[in-house]
>>> print(open('query_14.cif').read())   # mmCIF, C-alpha atoms
data_protein
loop_
_atom_site.label_atom_id
_atom_site.label_comp_id
_atom_site.auth_asym_id
_atom_site.auth_seq_id
_atom_site.Cartn_x
_atom_site.Cartn_y
_atom_site.Cartn_z
CA MET J 30 15.69 -9.36 -12.78
CA ALA J 31 16.82 -9.78 -16.43
CA ASN J 32 20.47 -10.32 -15.44
CA SER J 33 19.76 -12.98 -12.81
CA PHE J 34 18.52 -16.56 -12.70
CA ALA J 35 15.15 -15.08 -11.68
CA TYR J 36 14.36 -14.02 -15.24
CA PRO J 37 14.71 -17.42 -16.96
CA THR J 38 12.90 -18.98 -13.99
CA ILE J 39 9.85 -16.75 -14.38
CA LYS J 40 9.96 -16.59 -18.17
CA GLU J 41 10.65 -20.26 -18.92
CA ARG J 42 10.64 -22.63 -15.97
CA LEU J 43 7.44 -21.59 -14.19
CA PRO J 44 5.25 -21.77 -17.34
CA VAL J 45 6.70 -25.24 -18.05
CA ILE J 46 5.76 -26.39 -14.52
CA LEU J 47 2.21 -25.07 -14.97
CA ALA J 48 1.88 -26.68 -18.41
CA LYS J 49 3.09 -30.00 -17.00
CA ILE J 50 0.41 -29.91 -14.29
CA ALA J 51 -2.33 -29.39 -16.88
CA ASP J 52 -0.86 -32.06 -19.18
CA THR J 53 -0.39 -34.64 -16.40
CA LEU J 54 -3.90 -34.16 -15.00
CA TYR J 55 -5.45 -34.43 -18.46
CA ARG J 56 -3.38 -37.50 -19.38
CA THR J 57 -4.16 -39.32 -16.10
CA ARG J 58 -7.74 -38.07 -15.73
CA ASP J 59 -9.31 -41.54 -15.83
CA LYS J 60 -6.92 -42.84 -13.16
CA ILE J 61 -7.60 -39.78 -10.98
CA LYS J 62 -11.38 -40.11 -11.36
CA SER J 63 -11.20 -43.78 -10.33
CA GLN J 64 -9.83 -42.73 -6.92
CA TYR J 65 -13.07 -40.93 -6.02
CA GLN J 66 -16.53 -42.38 -5.39
CA GLU J 67 -18.23 -39.33 -6.91
CA ASP J 68 -17.72 -37.78 -10.35
CA VAL J 69 -14.86 -35.24 -10.11
CA SER J 70 -14.76 -34.39 -13.83
CA GLU J 71 -15.79 -30.76 -13.32
CA GLU J 72 -13.36 -30.21 -10.44
CA LEU J 73 -10.53 -31.74 -12.44
CA LYS J 74 -11.43 -29.50 -15.38
CA SER J 75 -11.44 -26.51 -13.02
CA ILE J 76 -7.93 -27.25 -11.68
CA ILE J 77 -6.57 -27.69 -15.23
CA GLY J 78 -8.27 -24.47 -16.34
CA SER J 79 -6.92 -22.50 -13.35
CA CYS J 80 -3.34 -23.66 -14.02
CA SER J 81 -3.63 -22.79 -17.72
CA LYS J 82 -4.99 -19.34 -16.81
CA LEU J 83 -2.17 -18.82 -14.31
CA ARG J 84 0.37 -19.82 -16.96
CA ASN J 85 -1.01 -17.12 -19.24
CA GLU J 86 -0.79 -14.57 -16.40
CA VAL J 87 2.89 -15.42 -15.89
CA GLN J 88 3.76 -15.24 -19.57
CA THR J 89 1.98 -11.91 -20.10
CA ASN J 90 3.31 -10.27 -16.91
CA LYS J 91 -0.09 -9.77 -15.28
CA VAL J 92 -0.32 -8.37 -11.75
CA ALA J 93 -0.76 -10.56 -8.67
CA VAL J 94 -4.36 -10.80 -7.50
CA PRO J 95 -5.75 -11.72 -4.06
CA ILE J 96 -6.16 -15.38 -3.10
CA GLN J 97 -9.82 -16.40 -2.97
CA ASP J 98 -10.16 -19.59 -0.96
CA SER J 99 -10.82 -20.51 2.68
CA ARG J 100 -7.42 -21.83 3.80
CA ASP J 101 -6.21 -20.51 7.17
CA ASP J 102 -3.37 -18.60 5.51
CA THR J 103 -5.48 -16.74 2.90
CA GLN J 104 -5.68 -13.47 4.85
CA VAL J 105 -1.93 -13.56 5.53
CA TRP J 106 -1.20 -13.86 1.80
CA ASN J 107 -3.62 -11.09 0.91
CA ARG J 108 -2.23 -8.74 3.57
CA TYR J 109 1.24 -9.40 2.17
CA LEU J 110 0.00 -8.52 -1.33
CA GLN J 111 -1.60 -5.33 -0.04
CA THR J 112 1.61 -4.30 1.76
CA ALA J 113 3.73 -5.05 -1.32
CA THR J 114 1.33 -3.02 -3.49
CA GLU J 115 1.56 -0.04 -1.15
CA ARG J 116 5.34 -0.33 -0.97
CA GLU J 117 5.86 -0.60 -4.75
CA GLY J 118 3.12 1.89 -5.69
CA SER J 119 1.36 -0.70 -7.87
CA PRO J 120 0.46 -4.42 -7.56
CA PRO J 121 3.40 -6.85 -7.90
CA SER J 122 3.81 -8.42 -11.36
CA TRP J 123 5.72 -11.44 -12.63
CA PHE J 124 8.73 -9.81 -14.36
CA LYS J 125 9.08 -6.73 -12.16
CA SER J 126 8.65 -7.84 -8.56
CA ALA J 127 10.72 -9.84 -6.07
CA TRP J 128 11.44 -13.33 -7.44
CA LEU J 129 11.07 -15.05 -4.06
CA TYR J 130 7.58 -13.65 -3.53
CA MET J 131 6.31 -14.26 -7.06
CA GLU J 132 7.58 -17.85 -7.15
CA CYS J 133 6.01 -18.62 -3.76
CA TYR J 134 2.81 -16.88 -4.88
CA MET J 135 2.59 -19.15 -7.93
CA TYR J 136 2.55 -22.29 -5.77
CA ARG J 137 -0.05 -20.75 -3.46
CA ARG J 138 -2.22 -19.96 -6.51
CA ILE J 139 -1.88 -23.58 -7.68
CA GLN J 140 -3.07 -24.69 -4.25
CA GLU J 141 -5.97 -22.24 -4.48
CA SER J 142 -7.28 -24.17 -7.51
CA VAL J 143 -7.41 -27.31 -5.34
CA GLU J 144 -8.76 -25.60 -2.22
CA LYS J 145 -11.82 -24.43 -4.18
CA CYS J 146 -12.82 -28.05 -4.85
CA ASN J 147 -15.14 -30.13 -2.66
CA MET J 148 -14.17 -33.74 -3.41
CA MET J 149 -10.58 -33.04 -4.57
CA LYS J 150 -9.61 -30.69 -1.73
CA GLU J 151 -6.77 -33.00 -0.60
CA PHE J 152 -5.47 -33.68 -4.12
CA ASP J 153 -1.76 -33.19 -4.84
CA VAL J 154 -1.17 -31.91 -8.39
CA PHE J 155 2.50 -32.99 -8.13
CA GLY J 156 1.77 -36.38 -6.55
CA GLU J 157 2.48 -38.52 -9.61
CA GLN J 158 5.84 -36.79 -10.22
CA LYS J 159 6.93 -37.26 -6.60
CA GLU J 160 5.91 -40.91 -6.56
CA LYS J 161 7.87 -41.56 -9.77
CA SER J 162 10.91 -39.83 -8.27
CA PHE J 163 10.77 -42.28 -5.36
CA THR J 164 10.26 -45.42 -7.45
CA ASP J 165 13.09 -44.42 -9.81
CA SER J 166 15.42 -44.14 -6.78
CA VAL J 167 14.90 -47.58 -5.20
CA TYR J 168 18.41 -48.83 -6.10
CA PRO J 169 20.34 -45.99 -4.40
CA THR J 170 17.84 -46.14 -1.51
CA GLU J 171 18.78 -49.79 -0.91
CA ILE J 172 22.49 -48.97 -1.07
CA VAL J 173 22.38 -46.09 1.41
CA MET J 174 20.10 -47.91 3.86
CA MET J 175 22.28 -51.02 3.76
CA HIS J 176 25.32 -48.85 4.45
CA LEU J 177 23.45 -47.28 7.38
CA LEU J 178 22.63 -50.71 8.82
CA GLU J 179 26.28 -51.78 8.54
CA THR J 180 27.48 -48.48 10.02
CA GLN J 181 25.22 -48.87 13.05
CA GLN J 182 26.85 -52.23 13.77
CA LYS J 183 30.37 -50.81 13.36
CA ILE J 184 29.88 -47.79 15.64
CA LYS J 185 28.41 -50.02 18.34
CA GLU J 186 31.76 -51.84 18.37
CA ASN J 187 33.96 -48.77 17.82
CA GLU J 188 32.78 -45.23 18.64
CA GLU J 189 35.90 -43.77 17.04
CA LEU J 190 34.23 -44.39 13.67
CA ILE J 191 31.45 -41.87 14.43
CA PRO J 192 33.16 -38.72 12.99
CA GLU J 193 33.89 -40.32 9.63
CA ALA J 194 30.40 -41.82 9.43
CA PHE J 195 28.80 -38.51 10.44
CA LYS J 196 30.55 -36.71 7.59
CA LEU J 197 29.56 -39.39 5.11
CA PHE J 198 25.84 -39.24 5.93
CA LEU J 199 25.98 -35.44 6.06
CA LYS J 200 27.36 -35.45 2.50
CA VAL J 201 24.78 -37.98 1.30
CA CYS J 202 22.20 -35.61 2.77
CA LEU J 203 23.79 -32.63 0.98
CA TRP J 204 23.96 -34.26 -2.45
CA GLY J 205 20.48 -35.73 -2.07
CA ASN J 206 19.42 -32.12 -2.58
CA LYS J 207 20.39 -32.38 -6.26
CA CYS J 208 17.07 -34.22 -6.81
CA ASP J 209 14.75 -31.22 -7.17
CA LEU J 210 11.78 -31.32 -9.56
CA SER J 211 11.14 -27.56 -9.38
CA ILE J 212 14.57 -26.96 -10.95
CA SER J 213 14.11 -29.51 -13.71
CA GLY J 214 10.69 -28.08 -14.56
CA GLY J 215 9.11 -31.26 -13.26
CA GLU J 216 11.15 -33.49 -15.60
CA ASP J 217 12.66 -36.68 -14.18
CA ASN J 218 15.48 -35.80 -11.80
CA ALA J 219 15.80 -38.88 -9.62
CA GLN J 220 18.95 -40.32 -8.05
CA THR J 221 19.55 -43.52 -10.03
CA SER J 222 23.22 -44.42 -9.39
CA SER J 223 25.03 -45.21 -6.13
CA PRO J 224 25.33 -41.99 -4.10
CA LEU J 225 28.20 -43.46 -2.06
CA GLU J 226 30.33 -43.92 -5.18
CA GLN J 227 29.76 -40.28 -6.13
CA LEU J 228 30.94 -38.76 -2.83
CA ASP J 229 34.69 -38.72 -3.59
CA LYS J 230 34.10 -37.26 -7.04
CA LEU J 231 31.86 -34.53 -5.63
CA GLU J 232 34.14 -33.65 -2.69
CA PRO J 233 35.90 -30.76 -4.57
CA ASN J 234 32.44 -29.33 -5.36
CA ILE J 235 31.70 -28.58 -1.70
CA LEU J 236 32.44 -24.85 -1.63
CA ILE J 237 32.04 -24.45 2.13
CA ASN J 238 32.37 -27.40 4.51
CA ASP J 239 31.66 -26.68 8.19
CA SER J 240 31.06 -30.35 9.05
CA ASP J 241 33.87 -30.42 11.68
CA GLU J 242 32.40 -27.35 13.38
CA VAL J 243 28.92 -28.93 13.41
CA LEU J 244 30.14 -32.26 14.77
CA ASN J 245 32.26 -30.58 17.46
CA HIS J 246 29.21 -28.60 18.55
CA LEU J 247 27.04 -31.73 18.75
CA ARG J 248 29.68 -33.68 20.70
CA SER J 249 30.54 -30.86 23.09
CA ARG J 250 27.20 -31.06 24.90
CA LYS J 251 24.42 -33.51 25.66
CA CYS J 252 22.08 -32.72 22.76
CA GLU J 253 18.43 -33.47 23.34
CA ARG J 254 16.88 -32.19 20.13
CA ILE J 255 17.93 -31.77 16.50
CA ASP J 256 15.61 -30.28 13.87
CA ILE J 257 15.66 -30.97 10.14
CA VAL J 258 13.68 -28.61 7.91
CA LEU J 259 12.95 -30.92 4.99
CA ASP J 260 13.09 -30.05 1.30
CA ASN J 261 12.33 -32.59 -1.45
CA ALA J 262 10.47 -35.90 -1.42
CA GLY J 263 11.99 -38.92 -3.20
CA PHE J 264 15.64 -39.81 -2.66
CA GLU J 265 16.42 -36.58 -0.81
CA LEU J 266 13.89 -37.49 1.89
CA ILE J 267 15.48 -40.95 2.15
CA SER J 268 18.90 -39.33 2.64
CA ASP J 269 17.44 -37.04 5.33
CA LEU J 270 15.83 -39.94 7.19
CA CYS J 271 19.07 -41.94 7.06
CA PHE J 272 20.93 -38.94 8.49
CA ALA J 273 18.28 -38.57 11.22
CA GLU J 274 18.61 -42.26 12.08
CA PHE J 275 22.39 -41.99 12.19
CA LEU J 276 22.23 -39.02 14.59
CA LEU J 277 20.11 -41.06 17.01
CA SER J 278 22.08 -44.30 16.73
CA ALA J 279 25.39 -42.44 17.22
CA GLY J 280 24.03 -40.91 20.42
CA LEU J 281 24.32 -37.37 19.07
CA CYS J 282 20.77 -36.51 20.21
CA SER J 283 17.68 -38.17 21.66
CA THR J 284 14.88 -36.63 19.56
CA ILE J 285 14.60 -35.53 15.92
CA TYR J 286 12.02 -32.95 14.83
CA LEU J 287 11.24 -33.14 11.11
CA HIS J 288 9.48 -30.19 9.46
CA ALA J 289 7.28 -30.75 6.38
CA LYS J 290 5.21 -28.42 4.19
CA ALA J 291 1.51 -27.77 4.76
CA PHE J 292 0.58 -28.28 1.09
CA PRO J 293 2.29 -29.23 -2.24
CA TRP J 294 5.05 -26.67 -2.74
CA PHE J 295 7.83 -26.10 -5.29
CA VAL J 296 6.82 -29.33 -7.08
CA SER J 297 8.69 -31.85 -4.95
CA ASP J 298 8.75 -30.51 -1.37
CA VAL J 299 7.73 -33.01 1.32
CA THR J 300 4.22 -32.85 2.76
CA LYS J 301 2.94 -35.07 5.60
CA LYS J 302 1.13 -37.14 2.96
CA ASP J 303 4.44 -37.66 1.07
CA PHE J 304 6.20 -38.58 4.30
CA ASP J 305 3.60 -41.19 5.29
CA TRP J 306 3.45 -42.59 1.72
CA THR J 307 7.25 -42.93 1.64
CA LEU J 308 7.35 -44.98 4.85
CA GLN J 309 4.53 -47.14 3.53
CA MET J 310 6.41 -47.77 0.26
CA LEU J 311 9.68 -48.53 2.07
CA GLY J 312 7.83 -51.20 4.05
CA GLN J 313 6.88 -52.94 0.80
CA ILE J 314 10.44 -53.22 -0.55
CA ASN J 315 11.88 -56.70 -0.14
CA HIS J 316 15.29 -55.73 1.25
CA ILE J 317 16.63 -56.47 4.73
CA ALA J 318 17.79 -52.94 5.52
CA VAL J 319 14.93 -51.06 3.87
CA SER J 320 12.11 -53.07 5.43
CA SER J 321 13.71 -53.06 8.90
CA PHE J 322 14.24 -49.30 8.89
CA ALA J 323 10.71 -48.74 7.57
CA GLN J 324 9.38 -50.62 10.61
CA LEU J 325 11.78 -48.87 13.01
CA TRP J 326 10.87 -45.42 11.67
CA LYS J 327 7.16 -46.05 12.17
CA GLU J 328 8.00 -46.99 15.76
CA ARG J 329 10.06 -43.81 16.15
CA LEU J 330 7.05 -41.73 15.12
CA ASN J 331 4.93 -43.61 17.69
CA ASN J 332 7.43 -43.27 20.56
CA ASN J 333 8.27 -39.64 19.69
CA THR J 334 11.99 -40.11 19.07
CA TRP J 335 10.95 -38.70 15.68
CA ILE J 336 8.37 -35.92 15.64
CA LEU J 337 6.93 -34.76 12.31
CA GLN J 338 5.63 -31.19 12.41
CA VAL J 339 3.81 -29.04 9.86
CA ASP J 340 3.57 -25.26 10.11
CA ASP J 341 2.02 -22.83 7.64
CA PHE J 342 5.01 -20.51 7.96
CA TRP J 343 7.14 -22.68 5.66
CA THR J 344 4.64 -22.01 2.85
CA LEU J 345 4.28 -18.26 3.38
CA PRO J 346 6.15 -15.57 1.39
CA TYR J 347 8.13 -14.31 4.40
CA ASP J 348 11.87 -14.82 4.76
CA TYR J 349 13.18 -16.30 8.00
CA SER J 350 14.31 -13.04 9.58
CA GLN J 351 10.54 -12.35 9.85
CA MET J 352 9.69 -15.65 11.58
CA GLU J 353 9.87 -14.28 15.12
CA THR J 354 7.25 -11.64 14.17
CA TYR J 355 4.88 -13.72 12.03
CA ALA J 356 5.31 -17.21 13.54
CA PRO J 357 6.41 -16.63 17.16
CA ASP J 358 5.31 -20.12 18.29
CA LEU J 359 7.46 -21.80 15.62
CA TYR J 360 10.41 -19.54 16.46
CA GLN J 361 10.11 -20.31 20.18
CA SER J 362 9.95 -24.03 19.42
CA LEU J 363 13.11 -23.85 17.27
CA GLN J 364 14.88 -22.05 20.13
CA LYS J 365 14.72 -25.34 22.05
CA SER J 366 16.78 -27.10 19.37
CA ASP J 367 20.46 -27.95 19.81
CA MET J 368 20.97 -27.72 16.02
CA ILE J 369 18.68 -26.95 13.07
CA PHE J 370 19.57 -28.42 9.68
CA PHE J 371 17.97 -26.50 6.81
CA LYS J 372 17.78 -28.45 3.57
CA GLY J 373 17.91 -27.01 0.09
CA ASP J 374 17.89 -23.93 -2.05
CA LEU J 375 14.61 -22.29 -1.04
CA ASN J 376 15.45 -22.55 2.66
CA TYR J 377 18.83 -20.98 1.88
CA ARG J 378 17.23 -18.13 -0.08
CA LYS J 379 14.75 -17.49 2.74
CA LEU J 380 17.53 -17.52 5.34
CA LEU J 381 19.40 -14.84 3.37
CA GLY J 382 16.32 -12.85 2.34
CA ASP J 383 17.06 -13.75 -1.31
CA LEU J 384 19.23 -10.63 -1.46
CA LYS J 385 22.15 -10.14 -3.83
CA TRP J 386 24.92 -10.31 -1.22
CA PRO J 387 28.60 -10.18 -2.26
CA PHE J 388 29.97 -13.74 -2.41
CA THR J 389 32.44 -12.93 0.37
CA SER J 390 29.72 -11.77 2.81
CA SER J 391 29.60 -13.46 6.21
CA PHE J 392 26.85 -16.10 6.49
CA GLU J 393 26.19 -14.98 10.07
CA THR J 394 25.69 -11.34 8.97
CA CYS J 395 23.40 -12.33 6.09
CA LEU J 396 21.04 -14.15 8.49
CA ARG J 397 20.05 -10.64 9.67
CA GLY J 398 19.22 -11.55 13.26
CA PHE J 399 17.74 -15.02 12.64
CA TYR J 400 19.55 -16.91 15.41
CA PRO J 401 16.94 -19.12 17.12
CA ALA J 402 19.52 -21.90 17.65
CA PRO J 403 22.78 -23.10 16.09
CA LEU J 404 22.00 -23.92 12.46
CA CYS J 405 23.51 -25.53 9.40
CA VAL J 406 22.41 -25.35 5.76
CA LEU J 407 22.87 -28.32 3.42
CA ARG J 408 22.26 -26.88 -0.01
CA THR J 409 23.22 -27.49 -3.62
CA SER J 410 23.19 -24.16 -5.45
CA LYS J 411 20.23 -23.62 -7.80
CA SER J 412 19.96 -19.83 -7.61
CA ASP J 413 22.42 -16.95 -7.73
CA VAL J 414 22.47 -16.23 -3.98
CA LEU J 415 25.63 -17.48 -2.27
CA VAL J 416 27.79 -16.16 0.58
CA GLY J 417 30.74 -17.14 2.75
CA LEU J 418 33.28 -17.69 -0.05
CA PRO J 419 36.92 -16.61 0.23
CA GLU J 420 38.01 -13.76 -2.06
CA GLY J 421 38.38 -14.92 -5.67
CA ARG J 422 36.82 -18.37 -5.18
CA ASP J 423 33.78 -17.47 -7.29
CA GLU J 424 36.02 -16.61 -10.24
CA GLU J 425 37.93 -19.91 -9.91
CA VAL J 426 34.69 -21.92 -9.98
CA MET J 427 33.23 -19.81 -12.79
CA ALA J 428 36.27 -20.68 -14.92
CA GLN J 429 35.47 -24.39 -14.38
CA ASP J 430 31.68 -24.21 -14.71
CA LYS J 431 29.86 -21.14 -16.03
CA ASP J 432 26.51 -22.37 -14.61
CA TRP J 433 27.98 -23.19 -11.18
CA LEU J 434 25.47 -21.07 -9.25
CA VAL J 435 22.35 -22.65 -10.70
CA ASN J 436 22.97 -26.22 -11.89
CA GLY J 437 22.97 -27.99 -8.51
CA ASN J 438 26.49 -29.40 -9.00
CA TRP J 439 28.09 -27.25 -6.27
CA GLY J 440 27.13 -27.40 -2.63
CA VAL J 441 27.64 -25.85 0.80
CA ILE J 442 27.60 -27.22 4.34
CA ASN J 443 27.36 -23.85 6.01
CA ALA J 444 26.95 -23.41 9.79
CA CYS J 445 26.24 -20.53 12.15
CA LEU J 446 26.45 -21.39 15.85
CA LYS J 447 25.40 -17.94 17.07
CA THR J 448 22.21 -17.68 19.14
CA LYS J 449 20.33 -14.70 20.53
#
>>> encode(input="query_14.cif", output="structure tokens")
Amino acid sequence: MANSFAYPTIKERLPVILAKIADTLYRTRDKIKSQYQEDVSEELKSIIGSCSKLRNEVQTNKVAVPIQDSRDDTQVWNRYLQTATEREGSPPSWFKSAWLYMECYMYRRIQESVEKCNMMKEFDVFGEQKEKSFTDSVYPTEIVMMHLLETQQKIKENEELIPEAFKLFLKVCLWGNKCDLSISGGEDNAQTSSPLEQLDKLEPNILINDSDEVLNHLRSRKCERIDIVLDNAGFELISDLCFAEFLLSAGLCSTIYLHAKAFPWFVSDVTKKDFDWTLQMLGQINHIAVSSFAQLWKERLNNNTWILQVDDFWTLPYDYSQMETYAPDLYQSLQKSDMIFFKGDLNYRKLLGDLKWPFTSSFETCLRGFYPAPLCVLRTSKSDVLVGLPEGRDEEVMAQDKDWLVNGNWGVINACLKTK
């Protein structure tokens, strides 16, 4: 682990995230208390204490311990821990065990501190950070949504504009993934400038671009359903919703399934609560495009042209090659999709098993049998797992940018159309 991005993540970034939770909750304690009719002082103190204790466990390389709350997934997590302990010969620990598992385990332990509460059981320890990320991104939100409104008018008059517009919104969706609070340790990481102006500058930073292949697939058949497995709240969610709206208005499908997390995860991942709050906030912005889409998107949720789904599998430690075994209902549902878009770094790592593949490995091979439907990953690189590059490309990029694998400045639009 010491030679990979896993080590600085566990050693530095995760303790910072835990410290920020404790600091934020202490600093905003009066505001938080005012949201509840009963006194939640002791519960708030308990959450802060649990996060501080967990931070110490990380820093001193303690072993993972069983989860002790009553969530539906508790037994699954504890069975996983037991299996990992038997496999490794001792309980997993922070600096010695698989990064993917330990990082996921940390967020589940944070949720445990909330689950043990009575009044604060629905509290989101990252809520304030996510809300700030949204409010800091209002300007680029207005720009992208205005462009979407204008694009809808243009493609009604001229369908030949669809391919160019598809690629534009796909790239906005890709680069929206730069806004990730788990990478910045919870520090401000909002989109504040015009994303449309950045697209040309960022074009050379797309290491793999299968957008033609994806569009050809969508246009070669009558697509009923497209799925988007969401990543971050804030501007990235806005970019995802604009892409979803474009897909419908361009006639590329008739229904969009959007997949959110079951509880606060990796700081800024979208929960149902974040999703609903975002639509509510969009409806309060005095802007012709923003307010009209906010209304339209509420209607889409009511008439089921958009369907928001939550499944515990997305917040379990398993990688996606294990989905068919551990979440067969979700897998069978995804098999009905004409195309699944996976957003972001964690989804990418889980697709590839977070294994150290050679950069030139085939994306299809690295999926290790996970072929529920044609799929495409939109991901800016924030970890050292990356495949599908031509020979020598990694060295070229390394010469330009020594942190290229982990700084979120390089992206992939990577598709696999194979199905079982």
>>> resolve_selection(input="query_14.cif", expression="the PyMOL selection byres ((chain J and resi 341) around 12)", output="PyMOL selection string")
chain J and resi 100-103+105-106+137+288-294+300+338-340+342-347+352+355-356+358-359
>>> resolve_selection(input="query_14.cif", expression="the PyMOL selection byres ((chain J and resi 155) around 9)", output="ChimeraX atom specification")
/J:50,53,152-154,156-160,215,293-294,296-297
>>> residues_near_point(input="query_14.cif", point="(16.8, -37.0, 10.0)", cutoff="7 Å", atoms="only C-alpha atoms", output="ChimeraX atom specification")
/J:257,269-274,285,287
>>> closest_residue(input="query_14.cif", among="J:Phe163, J:Met135, J:Ile191, J:Leu197", to="Asp303 in chain J", atoms="all atoms listed in the file")
J:Phe163
>>> residues_around(input="query_14.cif", residues="Asp305 in chain J", least_positions_apart="5", cutoff="12 Å", atoms="all atoms listed in the file", output="ChimeraX atom specification")
/J:262,266,289,299-300,310-312,323,326-327,330,337
